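Undergrad: Have a peek at structure.cif (mmCIF, C-alpha atoms).
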data_model
loop_
_atom_site.label_atom_id
_atom_site.label_comp_id
_atom_site.auth_asym_id
_atom_site.auth_seq_id
_atom_site.Cartn_x
_atom_site.Cartn_y
_atom_site.Cartn_z
CA MET A 1 14.72 -6.82 25.11
CA VAL A 2 17.29 -7.12 22.31
CA ASN A 3 17.62 -10.86 22.96
CA LEU A 4 13.83 -11.28 22.97
CA VAL A 5 13.49 -9.46 19.62
CA TYR A 6 16.37 -11.52 18.23
CA ASN A 7 14.61 -14.75 19.28
CA GLU A 8 11.39 -13.61 17.60
CA MET A 9 13.25 -12.79 14.39
CA ILE A 10 14.81 -16.26 14.49
CA LYS A 11 11.28 -17.72 14.71
CA ILE A 12 10.07 -15.63 11.75
CA THR A 13 13.06 -16.42 9.55
CA GLY A 14 12.98 -20.07 10.66
CA LYS A 15 9.49 -20.39 9.23
CA ARG A 16 10.84 -18.85 6.01
CA ARG A 17 8.01 -16.34 5.92
CA LEU A 18 10.23 -13.51 4.73
CA PHE A 19 11.69 -15.74 2.02
CA VAL A 20 8.21 -16.73 0.84
CA VAL A 21 7.09 -13.08 0.77
CA ALA A 22 10.23 -12.04 -1.17
CA LEU A 23 9.69 -14.87 -3.65
CA ILE A 24 6.02 -13.93 -4.18
CA ILE A 25 6.95 -10.28 -4.74
CA ALA A 26 9.74 -11.20 -7.18
CA ILE A 27 7.41 -13.46 -9.20
CA LEU A 28 4.64 -10.86 -9.35
CA ILE A 29 7.05 -8.10 -10.36
CA SER A 30 8.43 -10.32 -13.11
CA LEU A 31 4.91 -11.07 -14.38
CA PHE A 32 3.84 -7.43 -14.35
CA THR A 33 7.08 -6.33 -15.99
CA TYR A 34 6.59 -8.86 -18.77
CA ALA A 35 2.95 -7.83 -19.21
CA GLN A 36 3.90 -4.17 -19.43
CA TYR A 37 6.70 -4.94 -21.87
CA GLN A 38 4.28 -6.89 -24.09
CA GLN A 39 1.78 -4.04 -23.95
CA ALA A 40 4.45 -1.49 -24.90
CA ALA A 41 5.57 -3.71 -27.79
CA GLU A 42 1.97 -4.06 -28.99
CA ASN A 43 1.39 -0.30 -28.81
CA LEU A 44 4.61 0.31 -30.74
CA LYS A 45 3.50 -2.18 -33.38
CA ARG A 46 0.04 -0.64 -33.74
CA PHE A 47 0.78 3.07 -33.41
CA GLY A 48 4.51 3.37 -34.04
CA ASP A 49 6.85 5.52 -31.98
CA VAL A 50 4.30 8.14 -30.88
CA ASP A 51 5.49 11.16 -28.89
CA TRP A 52 4.16 11.23 -25.31
CA ARG A 53 2.43 14.57 -25.92
CA THR A 54 0.58 13.15 -28.92
CA ALA A 55 -0.42 10.05 -26.97
CA LEU A 56 -1.69 12.15 -24.06
CA GLU A 57 -3.61 14.46 -26.38
CA GLN A 58 -5.27 11.43 -27.98
CA ARG A 59 -6.20 10.10 -24.53
CA ILE A 60 -7.74 13.45 -23.58
CA ALA A 61 -9.62 13.59 -26.90
CA GLY A 62 -11.00 10.11 -26.18
CA TRP A 63 -12.28 11.20 -22.76
CA GLU A 64 -13.83 14.34 -24.24
CA ALA A 65 -15.57 12.30 -26.93
CA ARG A 66 -16.86 9.96 -24.24
CA LEU A 67 -18.33 12.91 -22.36
CA ALA A 68 -19.85 14.37 -25.52
CA ASN A 69 -21.52 11.06 -26.38
CA GLY A 70 -22.86 10.52 -22.87
CA GLY A 71 -20.58 7.52 -22.31
CA GLY A 72 -19.34 8.92 -19.03
CA ARG A 73 -22.79 8.92 -17.45
CA GLY A 74 -22.37 8.87 -13.69
CA ASP A 75 -18.63 9.65 -13.96
CA GLU A 76 -18.81 13.06 -15.64
CA GLY A 77 -17.22 14.85 -12.71
CA GLU A 78 -14.34 12.39 -12.43
CA LEU A 79 -13.71 12.49 -16.20
CA LYS A 80 -13.70 16.30 -16.27
CA LEU A 81 -11.19 16.41 -13.41
CA ARG A 82 -9.03 13.79 -15.13
CA ILE A 83 -9.07 15.79 -18.37
CA ALA A 84 -8.15 19.00 -16.52
CA GLN A 85 -5.35 17.27 -14.66
CA GLN A 86 -3.83 15.69 -17.78
CA GLN A 87 -4.16 18.98 -19.65
CA TYR A 88 -2.16 20.59 -16.85
CA TYR A 89 0.59 18.03 -17.47
CA LEU A 90 0.58 19.06 -21.14
CA ASP A 91 0.69 22.75 -20.29
CA GLN A 92 3.64 22.20 -17.96
CA ASN A 93 5.37 19.93 -20.51
CA VAL A 94 5.66 17.11 -17.96
CA ASN A 95 5.40 13.49 -19.09
CA PRO A 96 3.30 11.66 -16.44
CA SER A 97 4.55 8.29 -17.73
CA GLU A 98 8.27 8.83 -18.23
CA PRO A 99 9.60 5.44 -19.43
CA GLY A 100 11.99 3.53 -17.18
CA ALA A 101 12.22 1.59 -13.94
CA PRO A 102 11.17 4.54 -11.71
CA THR A 103 7.82 4.84 -13.46
CA PHE A 104 7.24 1.10 -13.06
CA VAL A 105 8.11 1.31 -9.35
CA ARG A 106 5.66 4.20 -8.96
CA GLY A 107 2.84 2.31 -10.62
CA PHE A 108 3.57 -0.94 -8.79
CA VAL A 109 3.53 0.74 -5.37
CA GLU A 110 0.33 2.63 -6.23
CA ASN A 111 -1.44 -0.58 -7.26
CA GLY A 112 -0.06 -2.67 -4.42
CA ILE A 113 -0.65 -0.43 -1.42
CA SER A 114 -4.29 -1.40 -0.80
CA LEU A 115 -4.17 -5.18 -1.30
CA LEU A 116 -0.84 -6.76 -2.31
CA LEU A 117 1.33 -5.23 0.43
CA PRO A 118 -1.31 -5.75 3.17
CA LEU A 119 -1.57 -9.41 2.12
CA MET A 120 2.21 -9.77 2.44
CA MET A 121 2.09 -8.26 5.93
CA MET A 122 -0.75 -10.58 6.85
CA ILE A 123 1.39 -13.61 5.97
CA VAL A 124 4.02 -12.53 8.50
CA ALA A 125 1.77 -11.19 11.28
CA ALA A 126 -1.10 -13.70 11.29
CA ASP A 127 0.57 -16.39 13.39
CA LEU A 128 2.94 -14.43 15.62
CA VAL A 129 0.81 -15.21 18.67
CA SER A 130 -1.84 -17.62 17.41
CA SER A 131 0.83 -20.16 16.44
CA GLU A 132 1.86 -20.31 20.10
CA HIS A 133 -1.59 -21.75 20.80
CA SER A 134 -1.46 -24.37 18.07
CA SER A 135 2.04 -25.48 19.08
CA GLY A 136 1.23 -25.46 22.78
CA THR A 137 4.06 -23.06 23.67
CA ILE A 138 1.67 -20.35 24.91
CA LYS A 139 1.69 -21.84 28.43
CA VAL A 140 5.47 -21.75 28.54
CA LEU A 141 5.47 -18.12 27.36
CA LEU A 142 2.90 -16.94 29.89
CA THR A 143 4.57 -18.70 32.86
CA ARG A 144 8.07 -17.35 32.18
CA SER A 145 9.67 -14.91 34.63
CA VAL A 146 9.77 -12.27 31.87
CA LYS A 147 6.86 -9.87 32.08
CA ARG A 148 4.13 -10.56 29.55
CA TRP A 149 4.17 -7.07 28.09
CA ARG A 150 7.86 -7.47 27.31
CA ILE A 151 7.19 -10.75 25.50
CA LEU A 152 4.44 -9.17 23.39
CA LEU A 153 6.49 -6.03 22.77
CA SER A 154 9.38 -8.13 21.47
CA LYS A 155 7.02 -9.85 19.04
CA TYR A 156 5.66 -6.50 17.86
CA LEU A 157 9.14 -5.01 17.40
CA ALA A 158 10.13 -8.07 15.38
CA LEU A 159 7.00 -7.51 13.28
CA LEU A 160 7.94 -3.86 12.63
CA LEU A 161 11.42 -4.96 11.59
CA SER A 162 9.91 -7.55 9.23
CA VAL A 163 7.56 -4.96 7.72
CA SER A 164 10.51 -2.64 7.05
CA ILE A 165 12.47 -5.47 5.42
CA ILE A 166 9.52 -6.38 3.17
CA ILE A 167 8.98 -2.75 2.06
CA THR A 168 12.70 -2.42 1.29
CA LEU A 169 12.67 -5.65 -0.72
CA PHE A 170 9.52 -4.50 -2.49
CA GLY A 171 11.20 -1.31 -3.67
CA LEU A 172 14.58 -2.85 -4.54
CA LEU A 173 13.19 -5.85 -6.44
CA SER A 174 10.73 -3.74 -8.45
CA ALA A 175 13.50 -1.28 -9.39
CA ILE A 176 16.06 -3.96 -10.31
CA ILE A 177 13.76 -6.34 -12.23
CA SER A 178 11.94 -3.60 -14.17
CA GLY A 179 15.21 -1.71 -14.74
CA ILE A 180 16.71 -4.71 -16.51
CA VAL A 181 13.83 -4.55 -19.01
CA PHE A 182 12.99 -0.83 -19.25
CA GLY A 183 16.27 0.77 -18.21
CA PHE A 184 17.16 2.74 -15.10
CA GLN A 185 16.67 6.23 -16.51
CA GLY A 186 14.07 8.70 -15.28
CA TRP A 187 14.85 9.13 -11.57
CA ASP A 188 15.09 12.91 -12.00
CA ALA A 189 12.03 13.16 -14.25
CA PRO A 190 9.55 15.82 -13.00
CA VAL A 191 6.34 14.73 -11.27
CA LEU A 192 3.40 16.99 -10.44
CA THR A 193 1.76 16.63 -7.03
CA GLY A 194 -0.65 18.71 -4.95
CA PHE A 195 -3.85 18.61 -7.03
CA SER A 196 -7.08 19.27 -5.14
CA VAL A 197 -10.76 19.94 -5.83
CA THR A 198 -12.50 23.21 -4.91
CA GLY A 199 -16.18 23.57 -5.70
CA GLY A 200 -16.07 20.65 -8.10
CA GLU A 201 -13.24 22.25 -10.09
CA LEU A 202 -9.60 21.20 -10.28
CA ASP A 203 -7.46 23.43 -8.06
CA THR A 204 -3.82 23.64 -9.17
CA SER A 205 -2.75 26.44 -6.84
CA ALA A 206 -0.85 24.04 -4.56
CA VAL A 207 0.68 21.94 -7.35
CA ARG A 208 4.45 21.64 -7.26
CA ILE A 209 7.03 19.82 -9.35
CA ILE A 210 9.33 17.35 -7.62
CA PRO A 211 11.84 14.81 -9.01
CA GLN A 212 10.51 11.29 -9.46
CA TRP A 213 12.89 9.76 -6.91
CA GLU A 214 11.47 12.07 -4.23
CA PHE A 215 7.91 11.18 -5.21
CA ILE A 216 8.77 7.45 -5.00
CA LEU A 217 10.24 7.94 -1.51
CA MET A 218 6.98 9.64 -0.48
CA GLU A 219 5.03 6.70 -1.88
CA MET A 220 7.24 4.17 -0.11
CA GLY A 221 6.81 6.03 3.17
CA LEU A 222 3.03 5.94 2.84
CA ALA A 223 3.18 2.27 1.84
CA TRP A 224 5.26 1.54 4.96
CA PHE A 225 2.73 3.34 7.15
CA VAL A 226 -0.22 1.44 5.65
CA SER A 227 1.69 -1.85 6.02
CA VAL A 228 2.45 -1.14 9.69
CA VAL A 229 -1.21 -0.39 10.46
CA VAL A 230 -2.46 -3.52 8.65
CA ALA A 231 0.23 -5.62 10.33
CA THR A 232 -0.75 -4.18 13.74
CA ILE A 233 -4.44 -5.00 13.24
CA THR A 234 -3.48 -8.52 12.12
CA PHE A 235 -1.23 -8.76 15.18
CA MET A 236 -4.21 -7.89 17.40
CA LEU A 237 -6.30 -10.63 15.78
CA SER A 238 -3.43 -13.05 16.30
CA VAL A 239 -3.62 -12.27 20.03
CA LEU A 240 -7.42 -12.53 20.22
CA VAL A 241 -8.00 -15.52 17.91
CA ARG A 242 -6.38 -18.87 18.60
CA THR A 243 -6.12 -20.17 15.03
CA THR A 244 -3.98 -18.67 12.26
CA ALA A 245 -6.49 -19.65 9.57
CA ALA A 246 -9.23 -17.63 11.29
CA VAL A 247 -6.93 -14.59 11.58
CA MET A 248 -6.07 -14.73 7.88
CA GLY A 249 -9.71 -15.26 6.93
CA ILE A 250 -10.88 -12.21 8.89
CA MET A 251 -8.17 -9.95 7.49
CA LEU A 252 -8.65 -11.20 3.94
CA ALA A 253 -12.37 -10.47 4.18
CA CYS A 254 -11.65 -6.95 5.47
CA LEU A 255 -9.16 -6.16 2.70
CA ILE A 256 -11.43 -7.45 -0.06
CA ALA A 257 -14.38 -5.58 1.46
CA GLY A 258 -12.29 -2.39 1.45
CA THR A 259 -11.52 -2.78 -2.25
CA ILE A 260 -15.23 -3.17 -3.00
CA LEU A 261 -16.38 -0.43 -0.64
CA ARG A 262 -14.12 2.25 -2.13
CA SER A 263 -16.04 2.05 -5.39
CA MET A 264 -19.48 1.93 -3.76
CA VAL A 265 -19.50 4.12 -0.66
CA GLY A 266 -19.72 7.58 -2.21
CA SER A 267 -23.01 8.23 -0.41
CA TRP A 268 -22.18 6.31 2.81
CA GLU A 269 -20.22 8.97 4.66
CA THR A 270 -19.64 6.93 7.83
CA ALA A 271 -17.60 4.39 5.84
CA LYS A 272 -14.68 6.84 5.76
CA TYR A 273 -13.89 5.81 9.34
CA LEU A 274 -13.21 2.19 8.34
CA PHE A 275 -9.49 1.44 8.09
CA MET A 276 -9.78 -0.53 4.84
CA VAL A 277 -11.36 2.43 3.03
CA ASN A 278 -8.36 4.61 3.91
CA LEU A 279 -5.53 2.41 2.62
CA GLU A 280 -4.94 4.06 -0.77
CA LEU A 281 -3.01 7.02 0.62
CA ILE A 282 -0.97 7.48 -2.55
CA ASP A 283 -4.08 8.60 -4.44
CA TYR A 284 -3.98 11.84 -2.47
CA LEU A 285 -0.56 12.68 -3.91
CA GLN A 286 -1.73 12.72 -7.52
CA ASP A 287 -5.52 12.30 -7.80
CA ALA A 288 -7.81 15.17 -7.04
CA GLU A 289 -11.08 13.67 -5.81
CA PRO A 290 -11.33 11.50 -2.64
CA PRO A 291 -13.67 8.48 -2.62
CA ILE A 292 -15.90 10.10 0.05
CA ALA A 293 -16.44 13.80 0.69
CA GLY A 294 -14.41 15.03 3.64
CA MET A 295 -11.54 12.60 3.19
CA SER A 296 -8.00 13.90 2.75
CA LEU A 297 -4.45 12.67 3.27
CA GLY A 298 -4.37 14.05 6.82
CA PHE A 299 -7.77 12.54 7.60
CA SER A 300 -6.83 9.07 6.33
CA LEU A 301 -3.49 9.16 8.15
CA LEU A 302 -5.28 10.03 11.40
CA VAL A 303 -7.92 7.31 10.94
CA LEU A 304 -5.27 4.67 10.27
CA LEU A 305 -3.16 5.88 13.20
CA LEU A 306 -6.12 5.61 15.58
CA TRP A 307 -6.92 2.11 14.31
CA GLY A 308 -3.29 1.09 14.84
CA ILE A 309 -3.13 2.54 18.37
CA GLY A 310 -6.45 0.94 19.26
CA ALA A 311 -5.27 -2.44 17.98
CA LEU A 312 -2.08 -2.18 20.06
CA ILE A 313 -4.00 -1.28 23.22
CA VAL A 314 -6.38 -4.23 22.75
CA SER A 315 -3.45 -6.57 22.04
CA PHE A 316 -1.51 -5.70 25.20
CA PHE A 317 -4.63 -5.57 27.39
CA SER A 318 -5.74 -9.04 26.25
CA PHE A 319 -2.31 -10.68 26.32
CA THR A 320 -1.30 -9.43 29.77
CA ARG A 321 -4.58 -10.62 31.33
CA ARG A 322 -4.92 -13.93 29.53
CA ASP A 323 -5.41 -17.04 31.63
CA VAL A 324 -2.55 -19.52 31.43
CA TYR A 325 -4.95 -22.36 30.87
#
Represent the supplied structure as structure tokens.
TA:
Amino acid sequence: MVNLVYNEMIKITGKRRLFVVALIIAILISLFTYAQYQQAAENLKRFGDVDWRTALEQRIAGWEARLANGGGRGDEGELKLRIAQQQYYLDQNVNPSEPGAPTFVRGFVENGISLLLPLMMMIVAADLVSSEHSSGTIKVLLTRSVKRWRILLSKYLALLLSVSIIITLFGLLSAIISGIVFGFQGWDAPVLTGFSVTGGELDTSAVRIIPQWEFILMEMGLAWFVSVVVATITFMLSVLVRTTAAVMGIMLACLIAGTILRSMVGSWETAKYLFMVNLELIDYLQDAEPPIAGMSLGFSLLVLLLWGIGALIVSFFSFTRRDVY
């Protein structure tokens, strides 16, 4: 099995997929770092060196004014929860945006978990099996003396290894590139987590303070889990569909649909069972209100786990019974 996995990793690295993914991530991180640096410079120019408490108080005052003027129509509940949450940060004297590389890493992972990272996994997983059809090597694979399930398992293990490498690169590159610009301080800065909603009111009874490095590790773990599930579903499509372009098209449509659905499905309760609606797991660590009533971190983890297991079962069932011709 080790030799089979090694051969699959040689195929993946030979196509330079991991290099392409690393290059894309590095370029995007550089762009976002520059954009954030420019924004910080503009804010400093316009408002001067404002204390974080003053800036947060001004932000809260802006939200309150929006509510008072009716500008938050339709989002009153969300705005009230946001105000209560940020006020709790003030009361606890915790800066939610401590400057430095760790804060950038946090924000980048939070914004990338539902679309950017899944797209990177799709690049690697989309042609693991479908490319065997286009190249004509599928007949050789299926007629080898090695059992079919072992062949497919080696491909899946190579995929899991690739996902882990990409997540590691994602974290390291974002920390290094942003640290060069913003500095590497702030790993021990306090972060509040555990907010929830009870009866439409912010519940802070379960809130706890953890160091930022621990919070980032939690985020990276959730990002790895989401990436594995998306990669597994893409892997299933690669087994079922013979062309890589079709696999990528289907997955891209699902991911984009998930981004749209999360902002529109508040009244469509059944949508919470779709995998693409459950990708933003990190929101549960810091935001209070789920997109659909009844959703929670445990619920979304379970839904994604079931989708991943189902995709694996379909993959192995189809591949082991596929006709050679």
Undergrad: If the PyMOL selection byres ((chain A and resi 170) around 12) is run on the structure shown, which residues does it catch, given as a ChimeraX atom specification?
TA: /A:18,21-29,105-106,108-109,112-113,116-117,120-121,163-169,171-178,220,223-224,227
Undergrad: Assuming the chain letters and numbering stay as they are in my file, what does the PyMOL selection byres ((chain A and resi 305-318) around 7) actually select? List them as a count of residues only.
TA: 15
Undergrad: If you apply the PyMOL selection byres ((chain A and resi 188-201) around 10) to this file, what residues do you get, as a PyMOL selection string?
TA: chain A and resi 77-78+80-81+84-85+88-89+92-99+102-103+185-187+202-216+284-290+296
Undergrad: Where's the centre, and what are the edge lengths in Å to one decimal, of a box along x, y and z enclosing all listed atoms of region 57-67 of chain A padded 3 Å per side, as lines of an AutoDock Vina configuration file?
TA:
center_x = -11.0
center_y = 12.2
center_z = -25.2
size_x = 20.7
size_y = 10.5
size_z = 11.6
Undergrad: Go through A:Arg150, A:Arg17, A:Ser30, A:Leu115 one by one, measure the shortest atom-to-atom distance of each to Met251 (chain A) using all atoms listed in the file, and give the residue with the smallest value.
TA: A:Leu115
Undergrad: Need the shell around region 242-249 of chain A: protein/DNA/RNA residues with any atom at most 12 Å away, counting all atoms listed in the file. Skip same-chain ones fewer than 3 positions apart. Format as number ranges by chain?
TA: A: 118-136, 138, 230-231, 233-239, 252-256, 319
Undergrad: Of the candidates A:Leu4, A:Leu297, A:Val226, A:Thr33, which shows the shortest atom-to-atom distance to Arg148 (chain A), using all atoms listed in the file?
TA: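 Closest residue, counting all atoms listed in the file: A:Leu4.
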Undergrad: What is the distance between CA of Arg66 (chain A) and CA of Ala41 (chain A), in Å to one decimal?
TA: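 Interatomic distance here is 26.5 Å.
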Undergrad: Have a look at A:Leu157, A:Leu31, A:Ala101, A:Ile180 and name the one nearest to Asn7 (chain A); count only C-alpha atoms.
TA: A:Leu157
Undergrad: What does the distance from CA of Val228 (chain A) to CA of Ser162 (chain A) come to in Å, to one decimal?
TA: 9.8 Å
Undergrad: CA of Glu110 (chain A) to CA of Pro291 (chain A): how many Å, to one decimal?
TA: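 Rounded to one decimal, the two atoms are 15.6 Å apart.
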Undergrad: Please list as an mmCIF file with C-alpha atoms, keeping the file's coordinate frame every residue within 10 Å of Arg262 (chain A), counting only C-alpha atoms and excluding residues in the same chain fewer than 4 positions away.
TA:
data_model
loop_
_atom_site.group_PDB
_atom_site.id
_atom_site.type_symbol
_atom_site.label_atom_id
_atom_site.label_comp_id
_atom_site.auth_asym_id
_atom_site.auth_seq_id
_atom_site.Cartn_x
_atom_site.Cartn_y
_atom_site.Cartn_z
ATOM 1 C CA ALA A 257 -14.380 -5.580 1.460
ATOM 2 C CA GLY A 258 -12.290 -2.390 1.450
ATOM 3 C CA GLY A 266 -19.720 7.580 -2.210
ATOM 4 C CA ALA A 271 -17.600 4.390 5.840
ATOM 5 C CA LYS A 272 -14.680 6.840 5.760
ATOM 6 C CA MET A 276 -9.780 -0.530 4.840
ATOM 7 C CA VAL A 277 -11.360 2.430 3.030
ATOM 8 C CA ASN A 278 -8.360 4.610 3.910
ATOM 9 C CA LEU A 279 -5.530 2.410 2.620
ATOM 10 C CA GLU A 280 -4.940 4.060 -0.770
ATOM 11 C CA PRO A 290 -11.330 11.500 -2.640
ATOM 12 C CA PRO A 291 -13.670 8.480 -2.620
ATOM 13 C CA ILE A 292 -15.900 10.100 0.050
#
Undergrad: So, with all atoms listed in the file as the atoms that count, which of A:Ile282, A:Leu90, A:Leu222, A:Leu159 lies closest to Trp52 (chain A)?
TA: A:Leu90
Undergrad: Closest to Phe184 (chain A) among A:Trp268, A:Leu274, A:Ala55, A:Phe104, using only C-alpha atoms?
TA: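 Under the stated criterion, the closest residue is A:Phe104.
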Undergrad: Kindly add N, CA, C and O atoms to the incomplete region 212-228 of chain A and provide the output as a PDB file, in the frame of the given file.
TA:
ATOM      1  N   GLN A 212      11.215  12.559  -9.617  1.00  0.00           N
ATOM      2  CA  GLN A 212      10.510  11.290  -9.460  1.00  0.00           C
ATOM      3  C   GLN A 212      11.039  10.465  -8.287  1.00  0.00           C
ATOM      4  O   GLN A 212      10.268   9.799  -7.599  1.00  0.00           O
ATOM      5  N   TRP A 213      12.351  10.532  -8.023  1.00  0.00           N
ATOM      6  CA  TRP A 213      12.890   9.760  -6.910  1.00  0.00           C
ATOM      7  C   TRP A 213      12.302  10.224  -5.579  1.00  0.00           C
ATOM      8  O   TRP A 213      12.048   9.413  -4.675  1.00  0.00           O
ATOM      9  N   GLU A 214      12.060  11.540  -5.456  1.00  0.00           N
ATOM     10  CA  GLU A 214      11.470  12.070  -4.230  1.00  0.00           C
ATOM     11  C   GLU A 214      10.015  11.624  -4.098  1.00  0.00           C
ATOM     12  O   GLU A 214       9.545  11.279  -3.002  1.00  0.00           O
ATOM     13  N   PHE A 215       9.302  11.626  -5.223  1.00  0.00           N
ATOM     14  CA  PHE A 215       7.910  11.180  -5.210  1.00  0.00           C
ATOM     15  C   PHE A 215       7.823   9.699  -4.821  1.00  0.00           C
ATOM     16  O   PHE A 215       6.940   9.296  -4.054  1.00  0.00           O
ATOM     17  N   ILE A 216       8.757   8.884  -5.330  1.00  0.00           N
ATOM     18  CA  ILE A 216       8.770   7.450  -5.000  1.00  0.00           C
ATOM     19  C   ILE A 216       9.057   7.252  -3.514  1.00  0.00           C
ATOM     20  O   ILE A 216       8.446   6.384  -2.866  1.00  0.00           O
ATOM     21  N   LEU A 217       9.962   8.040  -2.950  1.00  0.00           N
ATOM     22  CA  LEU A 217      10.240   7.940  -1.510  1.00  0.00           C
ATOM     23  C   LEU A 217       8.994   8.288  -0.696  1.00  0.00           C
ATOM     24  O   LEU A 217       8.715   7.653   0.330  1.00  0.00           O
ATOM     25  N   MET A 218       8.233   9.289  -1.148  1.00  0.00           N
ATOM     26  CA  MET A 218       6.980   9.640  -0.480  1.00  0.00           C
ATOM     27  C   MET A 218       6.000   8.472  -0.550  1.00  0.00           C
ATOM     28  O   MET A 218       5.341   8.124   0.445  1.00  0.00           O
ATOM     29  N   GLU A 219       5.907   7.861  -1.723  1.00  0.00           N
ATOM     30  CA  GLU A 219       5.030   6.700  -1.880  1.00  0.00           C
ATOM     31  C   GLU A 219       5.443   5.549  -0.978  1.00  0.00           C
ATOM     32  O   GLU A 219       4.601   4.908  -0.333  1.00  0.00           O
ATOM     33  N   MET A 220       6.746   5.273  -0.926  1.00  0.00           N
ATOM     34  CA  MET A 220       7.240   4.170  -0.110  1.00  0.00           C
ATOM     35  C   MET A 220       6.980   4.430   1.373  1.00  0.00           C
ATOM     36  O   MET A 220       6.678   3.501   2.137  1.00  0.00           O
ATOM     37  N   GLY A 221       7.102   5.689   1.776  1.00  0.00           N
ATOM     38  CA  GLY A 221       6.810   6.030   3.170  1.00  0.00           C
ATOM     39  C   GLY A 221       5.349   5.787   3.515  1.00  0.00           C
ATOM     40  O   GLY A 221       5.037   5.226   4.577  1.00  0.00           O
ATOM     41  N   LEU A 222       4.448   6.187   2.615  1.00  0.00           N
ATOM     42  CA  LEU A 222       3.030   5.940   2.840  1.00  0.00           C
ATOM     43  C   LEU A 222       2.716   4.445   2.809  1.00  0.00           C
ATOM     44  O   LEU A 222       1.890   3.956   3.596  1.00  0.00           O
ATOM     45  N   ALA A 223       3.374   3.713   1.909  1.00  0.00           N
ATOM     46  CA  ALA A 223       3.180   2.270   1.840  1.00  0.00           C
ATOM     47  C   ALA A 223       3.652   1.591   3.129  1.00  0.00           C
ATOM     48  O   ALA A 223       3.013   0.651   3.615  1.00  0.00           O
ATOM     49  N   TRP A 224       4.760   2.081   3.689  1.00  0.00           N
ATOM     50  CA  TRP A 224       5.260   1.540   4.960  1.00  0.00           C
ATOM     51  C   TRP A 224       4.254   1.797   6.076  1.00  0.00           C
ATOM     52  O   TRP A 224       3.973   0.908   6.886  1.00  0.00           O
ATOM     53  N   PHE A 225       3.695   2.999   6.108  1.00  0.00           N
ATOM     54  CA  PHE A 225       2.730   3.340   7.150  1.00  0.00           C
ATOM     55  C   PHE A 225       1.484   2.454   7.064  1.00  0.00           C
ATOM     56  O   PHE A 225       1.006   1.917   8.079  1.00  0.00           O
ATOM     57  N   VAL A 226       0.953   2.299   5.855  1.00  0.00           N
ATOM     58  CA  VAL A 226      -0.220   1.440   5.650  1.00  0.00           C
ATOM     59  C   VAL A 226       0.111   0.000   6.065  1.00  0.00           C
ATOM     60  O   VAL A 226      -0.690  -0.669   6.745  1.00  0.00           O
ATOM     61  N   SER A 227       1.289  -0.475   5.691  1.00  0.00           N
ATOM     62  CA  SER A 227       1.690  -1.850   6.020  1.00  0.00           C
ATOM     63  C   SER A 227       1.800  -2.043   7.521  1.00  0.00           C
ATOM     64  O   SER A 227       1.403  -3.095   8.055  1.00  0.00           O
ATOM     65  N   VAL A 228       2.331  -1.052   8.229  1.00  0.00           N
ATOM     66  CA  VAL A 228       2.450  -1.140   9.690  1.00  0.00           C
ATOM     67  C   VAL A 228       1.072  -1.223  10.342  1.00  0.00           C
ATOM     68  O   VAL A 228       0.847  -2.037  11.248  1.00  0.00           O
TER      69      VAL A 228
END
